[in-house]
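Trainee: Have a look at this one before I ask anything.
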Amino acid sequence: MLNMSFFIKELKEIIKTKKLVIMVSLFIFFAILSPLTARYINEILASLGQGVSITLPEPTLIDSWGQYFKNLSSICLIVYLIVMTGSVSHEKSKGSILLVMTKRVSRFNFLFSKLLSGILLFTVCYIISFVISGFYTNILFGSYTYDGLWISLLLMWFMGVFFTSLANFASVISKSPTISAIYGFVGLALITILNVIPKFSKFSPAGGAMLVTQIMLGIISQNDSIINLAFATLGTILLFAITYFIFRKQEI
Amino acid sequence: MTIAVSTKNLSKDFKGNHAVDRLNIEVPEGSIYGFLGPNGAGKTTTLKMLTGMIEPSSGDIEIFGEKVIFGHQNFHNDIGFLPDVPGFYDWMSAKEYLLFCGSLYHIDKKESLNRTNDLLTLVGLTKQSNKKIGSYSRGMKQRLGIAQALINKPKIIFLDEPVSALDPIGRKEVIEIIGSLAGKVTVFFSTHILSDIEKICDRIIIIKDGKALLEDSIENIRKMSQSRDIEIEFDNGGLSKLEHLIKEVPWVESYQSSHNKIVVKVLNLDKGREELIKIIASNQLIIKKFLVFEPTLEDIFMKVVSNHA
């Protein structure tokens with residue numbers, strides 16, 4: 001049974017250490033910026049390239065969401081990953097883990113609480129940001145939805161969940177937050193490189209971002225998205241199981 | 001007599017190095033047990049094995065008869081632990097932290113609050129209980145560390161170098177708190193500061209390079225290595241006469257004199273003390289000081305450790 005006290009402590013920590021404020025602010029910033037840059041990209045380019053005429057097609061709401069998903073899968077997720085990679089390693093380097101683990105907290109409880117609180121943080125940031133992005137897209141483009149938006153949102157959420165598991169893994173195998181952030185970043189870089197291979201992204205637990213682009217271009221079926229969701233779920237569970245297996249054997 | 005902690009041939013190797021080497025310990029229930037050794041002797045490694053945080057390479061551990069298995073928590077209700085550098089959540093206050101610790105043991109909220117208040121009083125943190133731990137001094141953190149180790153009313157608490165990093169005032173305060181636990185809970189207390197052990201411990205074990213060198217009650221250890229030196233200081237004169245009188249007596253092993261002082265090493269302290277007083281009295285020697293050297297734990301420690309160097 002999950003000891004809720006430790007999970008509640010994790011949630012309080014996210015609030016008290018300003019992680020929530022920082023992450024929500026970042027997600028909101030890009031949620032507003034994305035539709036704005038999409039809507040006014042022609043004007044921005046025109047003002048930059050004086051004397052040079054650049055003609056781009058009239059932006060649509062697809063461009064707005066495209067911009068949103070691009071920012072989300074790059075800057076927002078990188079910052080989130082770095083923040084989350086410190087979750088276990090920070091407790092190790094500080095020594096707080098020893099006081100908790102010598103009480104009635106199992107290793108599974110400790111790790112699962114970290115994963116769950118991370119997923120919750122990401123979900124809150126994500127929901128706030130896509131609601132805001134949808135609101136501005138609606139104002140600027142007259143509509144906010146397109147065919148495949150909901151499955152795209154789901155794909156990105158699953159990708160974020162997988163990144164939480166990846167951050168947990170990086171955190172467990174490291175002794176300090178700096179090392180875990182480096183490991184997390186290397187993991188992200190590797191996955192991003194592998195995602196460039198078209199056939200890989202469909203089966204990659206972190207391939208959601210690539211699939212979202214393909215959905216917008218209309219070159220992917222719903223079935224392919226479901227396959228990716230299944231792989232993201234499987235990848236998250238498998239990575240958590242590996243992380244737990246390592247953590248269970250780890251001397252503290 | 002109930003045994004609180006027992007280890008049999010407890011060993012831990014780190015890449016071929018014996019951090020702890022076939023250590024056998026028996027800690028009686030209710031005692032304040034000093035775990036003494038120089039830096040790097042294997043004290044922290046032993047404590048982490050005892051609390052299930054490190055896996056022994058070989059050997060067995062039992063806490064109140066229950067086998068300690070690495071990573072398991074079956075015995076966690078019975079123990080409290082304070083590591084050498086306790087890490088807290090700085091954003092919490094001491095009160096919040098103790099309530100949080102209580103909740104980890106599923107202690108009823110009301111009971112947890114009562115225990116928190118009692119422990120804050122015990123460690124003298126009542127006034128600062130609502131301040132963030134991040135603003136606490138080392139001494140305050142150490143006192144909070146003792147409080148959190150006691151929140152579950154454990155049968156035994158393990159304290160790893162609880163006073164090493166503290167200033168003299170902080171040390172005194174923490175030692176007094178540990179001393180006040182005598183008879184209430186078994187205390188297993190590691191340190192390399194001898195004076196701390198001397199003040200509060202009933203029994204000690206001295207380890208070096210992971211091996212036990214000596215284990216006994218403080219009383220027996222003192223008896224075992226009783227000093228046989230008697231120092232006599234004269235006001236003026238008398239020294240040469242005493243030297244002459246003890247030159248060939250069978251109960252004197254040797255002596256050393258300087259200025260108006262003589263240190264006599266006798267074969268038996270009681271006999272030597274008696275004979276010397278007799279000589280002084282019968283020869284009407286005027287003395288300023290008659291001192292029987294009391295061995296300190298430091299003497300014993302140095303002797304034991306250097307014998308095994």
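Just remember, in the structure tokens the first chain shown is A, the second B, etc., residues are 1-based per chain, and ligands are 1-based in the order shown.
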Would you pick out the contacts of region 153-156 of chain A at 8 Å or less, using only C-alpha atoms, so that residues sharing its chain but fewer than 6 positions from it are not included, and give the list as JSON, numbers by chain?

Mentor: {"A": [69, 73, 208, 209, 211, 212, 225, 228, 229]}

Trainee: Given the selection you just returned, output its residues as a file containing C-alpha atoms, formatted as a short mmCIF file (atom, residue, chain, number, x, y, z; two decimals), in the first residue's frame.

Mentor:
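Final output, saved to selection-v4.cif:
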data_model
loop_
_atom_site.label_atom_id
_atom_site.label_comp_id
_atom_site.auth_asym_id
_atom_site.auth_seq_id
_atom_site.Cartn_x
_atom_site.Cartn_y
_atom_site.Cartn_z
CA PHE A 69 3.85 21.50 -29.62
CA SER A 73 8.56 19.23 -26.75
CA GLY A 208 4.89 11.73 -29.63
CA ALA A 209 6.27 15.04 -30.89
CA LEU A 211 3.79 11.96 -34.61
CA VAL A 212 2.00 15.18 -33.74
CA SER A 225 -0.94 7.01 -32.80
CA ASN A 228 2.72 4.96 -30.04
CA LEU A 229 0.52 5.45 -26.98
#

Trainee: Only residues of chain B matter here; which ones have an atom within 9 Å of chain A, counting only C-alpha atoms? Give them as a ChimeraX atom specification.

Mentor: /B:48,51-55,70-74,76-77,79-83,85-89,91-92,100-101,103-106,145,148-149,152

Trainee: Could you pull the residues within 9 Å of region 184-188 of chain A, counting only C-alpha atoms, minus those fewer than 3 positions along the same chain, as a VMD selection string?

Mentor: chain A and resid 78 81 to 82 85 163 166 to 171 179 to 181 191 to 193 206

Trainee: Mind dumping the selected residues with N, CA and C atoms as a short mmCIF file (atom, residue, chain, number, x, y, z; two decimals), in the first residue's frame?

Mentor:
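Output saved as selection25.cif:
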data_model
loop_
_atom_site.label_atom_id
_atom_site.label_comp_id
_atom_site.auth_asym_id
_atom_site.auth_seq_id
_atom_site.Cartn_x
_atom_site.Cartn_y
_atom_site.Cartn_z
N ILE A 78 12.57 20.04 -21.77
CA ILE A 78 13.98 20.00 -21.33
C ILE A 78 14.08 20.55 -19.89
N LEU A 81 12.51 18.15 -17.52
CA LEU A 81 13.38 16.98 -17.33
C LEU A 81 14.52 17.31 -16.35
N ILE A 82 15.13 18.47 -16.54
CA ILE A 82 16.25 18.86 -15.67
C ILE A 82 15.77 19.03 -14.22
N THR A 85 15.09 15.52 -12.75
CA THR A 85 16.24 14.60 -12.57
C THR A 85 16.86 14.76 -11.17
N PHE A 163 8.98 10.94 -20.07
CA PHE A 163 10.12 11.75 -19.64
C PHE A 163 10.25 11.79 -18.11
N LEU A 166 11.97 8.73 -17.28
CA LEU A 166 13.38 8.86 -17.68
C LEU A 166 14.15 9.69 -16.64
N ALA A 167 13.51 10.78 -16.18
CA ALA A 167 14.15 11.64 -15.17
C ALA A 167 14.37 10.86 -13.88
N ASN A 168 13.40 10.04 -13.50
CA ASN A 168 13.50 9.20 -12.30
C ASN A 168 14.69 8.24 -12.43
N PHE A 169 14.81 7.65 -13.59
CA PHE A 169 15.90 6.70 -13.86
C PHE A 169 17.25 7.42 -13.73
N ALA A 170 17.38 8.57 -14.40
CA ALA A 170 18.64 9.33 -14.35
C ALA A 170 18.97 9.73 -12.91
N SER A 171 17.94 10.03 -12.16
CA SER A 171 18.13 10.47 -10.78
C SER A 171 18.61 9.34 -9.88
N ILE A 179 25.03 15.45 -12.00
CA ILE A 179 25.25 14.25 -12.81
C ILE A 179 23.92 13.73 -13.37
N SER A 180 22.89 13.73 -12.53
CA SER A 180 21.60 13.22 -13.01
C SER A 180 21.03 14.11 -14.12
N ALA A 181 21.25 15.43 -14.02
CA ALA A 181 20.78 16.33 -15.07
C ALA A 181 21.52 16.03 -16.38
N ILE A 191 17.30 10.06 -27.62
CA ILE A 191 15.94 9.78 -28.10
C ILE A 191 15.56 10.71 -29.24
N THR A 192 15.95 11.99 -29.11
CA THR A 192 15.63 12.96 -30.16
C THR A 192 16.30 12.57 -31.47
N ILE A 193 17.56 12.13 -31.37
CA ILE A 193 18.29 11.71 -32.58
C ILE A 193 17.59 10.49 -33.21
N ALA A 206 9.03 8.14 -26.70
CA ALA A 206 9.14 9.60 -26.72
C ALA A 206 8.96 10.13 -28.13
#

Trainee: Could you please write out, as a PyMOL selection string, every residue of region 32-252 of chain A that DSSP assigns to helix (DSSP H, G or I)?

Mentor: chain A and resi 32-39+41-48+61-94+96-101+107-141+149-172+177-195+198-203+208-216+222-249

Trainee: Can you work out the spacing between CA of Gln284 (chain B) and CA of Val249 (chain B) in Å, to one decimal?

Mentor: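 Between these atoms lies a distance of 18.8 Å.
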
Trainee: Give me, as a list in words, the residues of region 22-149 of chain B that a backbone DSSP run labels strand (DSSP E or B).

Mentor: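 These are the residues in question: Arg22, Leu23, Asn24, Ile25, Glu26, Val27, Pro28, Ile32, Tyr33, Gly34, Phe35, Leu36, Ser58, Gly59, Asp60, Ile61, Glu62, Ile63, Glu66, Lys67, Ile79, Gly80, Phe81, Leu82, Ser93 and Lys132 of chain B.
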
Trainee: If you keep N, CA and C atoms, can you produce a file of those selected residues as a PDB file, in the first residue's frame?

Mentor:
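Contents of selection-v4.pdb, as written:
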ATOM      1  N   ARG B  22      34.636  -9.110  10.228  1.00  0.00           N
ATOM      2  CA  ARG B  22      34.151 -10.105  11.197  1.00  0.00           C
ATOM      3  C   ARG B  22      33.859  -9.485  12.576  1.00  0.00           C
ATOM      4  N   LEU B  23      32.978  -8.552  12.564  1.00  0.00           N
ATOM      5  CA  LEU B  23      32.654  -7.814  13.788  1.00  0.00           C
ATOM      6  C   LEU B  23      31.565  -8.532  14.587  1.00  0.00           C
ATOM      7  N   ASN B  24      31.848  -8.778  15.842  1.00  0.00           N
ATOM      8  CA  ASN B  24      30.859  -9.402  16.735  1.00  0.00           C
ATOM      9  C   ASN B  24      30.498  -8.409  17.834  1.00  0.00           C
ATOM     10  N   ILE B  25      29.240  -8.052  17.876  1.00  0.00           N
ATOM     11  CA  ILE B  25      28.792  -7.073  18.879  1.00  0.00           C
ATOM     12  C   ILE B  25      27.590  -7.648  19.616  1.00  0.00           C
ATOM     13  N   GLU B  26      27.515  -7.355  20.895  1.00  0.00           N
ATOM     14  CA  GLU B  26      26.300  -7.659  21.658  1.00  0.00           C
ATOM     15  C   GLU B  26      25.970  -6.451  22.514  1.00  0.00           C
ATOM     16  N   VAL B  27      24.900  -5.786  22.177  1.00  0.00           N
ATOM     17  CA  VAL B  27      24.519  -4.573  22.908  1.00  0.00           C
ATOM     18  C   VAL B  27      23.380  -4.914  23.860  1.00  0.00           C
ATOM     19  N   PRO B  28      23.598  -4.792  25.180  1.00  0.00           N
ATOM     20  CA  PRO B  28      22.505  -5.103  26.116  1.00  0.00           C
ATOM     21  C   PRO B  28      21.398  -4.054  26.047  1.00  0.00           C
ATOM     22  N   ILE B  32      23.779   2.472  27.192  1.00  0.00           N
ATOM     23  CA  ILE B  32      24.277   3.487  26.256  1.00  0.00           C
ATOM     24  C   ILE B  32      25.623   2.951  25.796  1.00  0.00           C
ATOM     25  N   TYR B  33      25.648   2.512  24.576  1.00  0.00           N
ATOM     26  CA  TYR B  33      26.763   1.733  24.064  1.00  0.00           C
ATOM     27  C   TYR B  33      27.627   2.616  23.163  1.00  0.00           C
ATOM     28  N   GLY B  34      28.861   2.789  23.538  1.00  0.00           N
ATOM     29  CA  GLY B  34      29.784   3.633  22.773  1.00  0.00           C
ATOM     30  C   GLY B  34      30.505   2.831  21.718  1.00  0.00           C
ATOM     31  N   PHE B  35      30.427   3.307  20.497  1.00  0.00           N
ATOM     32  CA  PHE B  35      31.068   2.635  19.375  1.00  0.00           C
ATOM     33  C   PHE B  35      32.227   3.534  18.960  1.00  0.00           C
ATOM     34  N   LEU B  36      33.398   3.141  19.416  1.00  0.00           N
ATOM     35  CA  LEU B  36      34.540   4.053  19.377  1.00  0.00           C
ATOM     36  C   LEU B  36      35.570   3.615  18.345  1.00  0.00           C
ATOM     37  N   SER B  58      29.145 -10.385   4.399  1.00  0.00           N
ATOM     38  CA  SER B  58      28.833 -11.640   5.095  1.00  0.00           C
ATOM     39  C   SER B  58      28.486 -11.327   6.552  1.00  0.00           C
ATOM     40  N   GLY B  59      27.978 -12.339   7.227  1.00  0.00           N
ATOM     41  CA  GLY B  59      27.623 -12.156   8.641  1.00  0.00           C
ATOM     42  C   GLY B  59      26.151 -11.854   8.845  1.00  0.00           C
ATOM     43  N   ASP B  60      25.754 -11.881  10.099  1.00  0.00           N
ATOM     44  CA  ASP B  60      24.344 -11.698  10.452  1.00  0.00           C
ATOM     45  C   ASP B  60      24.150 -10.555  11.443  1.00  0.00           C
ATOM     46  N   ILE B  61      22.980  -9.955  11.344  1.00  0.00           N
ATOM     47  CA  ILE B  61      22.603  -8.893  12.297  1.00  0.00           C
ATOM     48  C   ILE B  61      21.225  -9.238  12.843  1.00  0.00           C
ATOM     49  N   GLU B  62      21.069  -9.071  14.134  1.00  0.00           N
ATOM     50  CA  GLU B  62      19.732  -9.204  14.720  1.00  0.00           C
ATOM     51  C   GLU B  62      19.462  -8.002  15.609  1.00  0.00           C
ATOM     52  N   ILE B  63      18.269  -7.474  15.489  1.00  0.00           N
ATOM     53  CA  ILE B  63      17.850  -6.381  16.375  1.00  0.00           C
ATOM     54  C   ILE B  63      16.656  -6.875  17.168  1.00  0.00           C
ATOM     55  N   GLU B  66      15.206 -10.003  15.836  1.00  0.00           N
ATOM     56  CA  GLU B  66      14.699 -10.016  14.467  1.00  0.00           C
ATOM     57  C   GLU B  66      15.848  -9.790  13.487  1.00  0.00           C
ATOM     58  N   LYS B  67      15.914 -10.662  12.506  1.00  0.00           N
ATOM     59  CA  LYS B  67      17.020 -10.590  11.550  1.00  0.00           C
ATOM     60  C   LYS B  67      16.910  -9.341  10.675  1.00  0.00           C
ATOM     61  N   ILE B  79      13.577   0.866  15.566  1.00  0.00           N
ATOM     62  CA  ILE B  79      14.808   1.666  15.557  1.00  0.00           C
ATOM     63  C   ILE B  79      14.559   3.143  15.248  1.00  0.00           C
ATOM     64  N   GLY B  80      15.537   3.935  15.659  1.00  0.00           N
ATOM     65  CA  GLY B  80      15.603   5.334  15.262  1.00  0.00           C
ATOM     66  C   GLY B  80      17.021   5.545  14.790  1.00  0.00           C
ATOM     67  N   PHE B  81      17.209   6.431  13.841  1.00  0.00           N
ATOM     68  CA  PHE B  81      18.554   6.593  13.296  1.00  0.00           C
ATOM     69  C   PHE B  81      18.868   8.069  13.062  1.00  0.00           C
ATOM     70  N   LEU B  82      20.065   8.443  13.478  1.00  0.00           N
ATOM     71  CA  LEU B  82      20.562   9.795  13.192  1.00  0.00           C
ATOM     72  C   LEU B  82      21.907   9.646  12.490  1.00  0.00           C
ATOM     73  N   SER B  93       9.260  23.288   8.857  1.00  0.00           N
ATOM     74  CA  SER B  93       9.661  23.708  10.205  1.00  0.00           C
ATOM     75  C   SER B  93       9.923  22.424  11.001  1.00  0.00           C
ATOM     76  N   LYS B 132      11.723  27.720   9.884  1.00  0.00           N
ATOM     77  CA  LYS B 132      12.164  26.803   8.827  1.00  0.00           C
ATOM     78  C   LYS B 132      13.489  26.143   9.224  1.00  0.00           C
TER      79      LYS B 132
END

Trainee: Quick one: distance from CA of Ser190 (chain B) to CA of Glu219 (chain B) in Å, one decimal?

Mentor: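 Separating CA of Ser190 (chain B) from CA of Glu219 (chain B) is a distance of 18.8 Å.
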
Trainee: As a ChimeraX atom specification, please: the residues near region 143-148 of chain A (cut-off 8 Å, only C-alpha atoms, same-chain neighbours under 6 positions excluded).

Mentor: /A:61-62,134-135,137,215-216

Trainee: Could you give me, as a PDB file with N, CA and C atoms, in the first residue's frame, the residues within 6 Å of region 11-13 of chain B, counting only C-alpha atoms and dropping anything in the same chain fewer than 6 positions from it?

Mentor:
ATOM      1  N   ALA B  19      36.193  -2.969   5.001  1.00  0.00           N
ATOM      2  CA  ALA B  19      35.740  -1.802   5.772  1.00  0.00           C
ATOM      3  C   ALA B  19      35.313  -2.251   7.163  1.00  0.00           C
ATOM      4  N   VAL B  20      34.644  -3.401   7.216  1.00  0.00           N
ATOM      5  CA  VAL B  20      34.266  -4.022   8.492  1.00  0.00           C
ATOM      6  C   VAL B  20      34.675  -5.494   8.393  1.00  0.00           C
ATOM      7  N   ASP B  21      35.330  -5.971   9.425  1.00  0.00           N
ATOM      8  CA  ASP B  21      35.952  -7.290   9.329  1.00  0.00           C
ATOM      9  C   ASP B  21      35.532  -8.203  10.497  1.00  0.00           C
ATOM     10  N   ARG B  22      34.636  -9.110  10.228  1.00  0.00           N
ATOM     11  CA  ARG B  22      34.151 -10.105  11.197  1.00  0.00           C
ATOM     12  C   ARG B  22      33.859  -9.485  12.576  1.00  0.00           C
ATOM     13  N   PRO B  56      25.512  -6.257   4.012  1.00  0.00           N
ATOM     14  CA  PRO B  56      26.775  -6.849   4.483  1.00  0.00           C
ATOM     15  C   PRO B  56      27.341  -7.836   3.452  1.00  0.00           C
ATOM     16  N   SER B  57      28.664  -7.919   3.378  1.00  0.00           N
ATOM     17  CA  SER B  57      29.277  -8.911   2.481  1.00  0.00           C
ATOM     18  C   SER B  57      29.073 -10.296   3.077  1.00  0.00           C
ATOM     19  N   SER B  58      29.145 -10.385   4.399  1.00  0.00           N
ATOM     20  CA  SER B  58      28.833 -11.640   5.095  1.00  0.00           C
ATOM     21  C   SER B  58      28.486 -11.327   6.552  1.00  0.00           C
TER      22      SER B  58
END
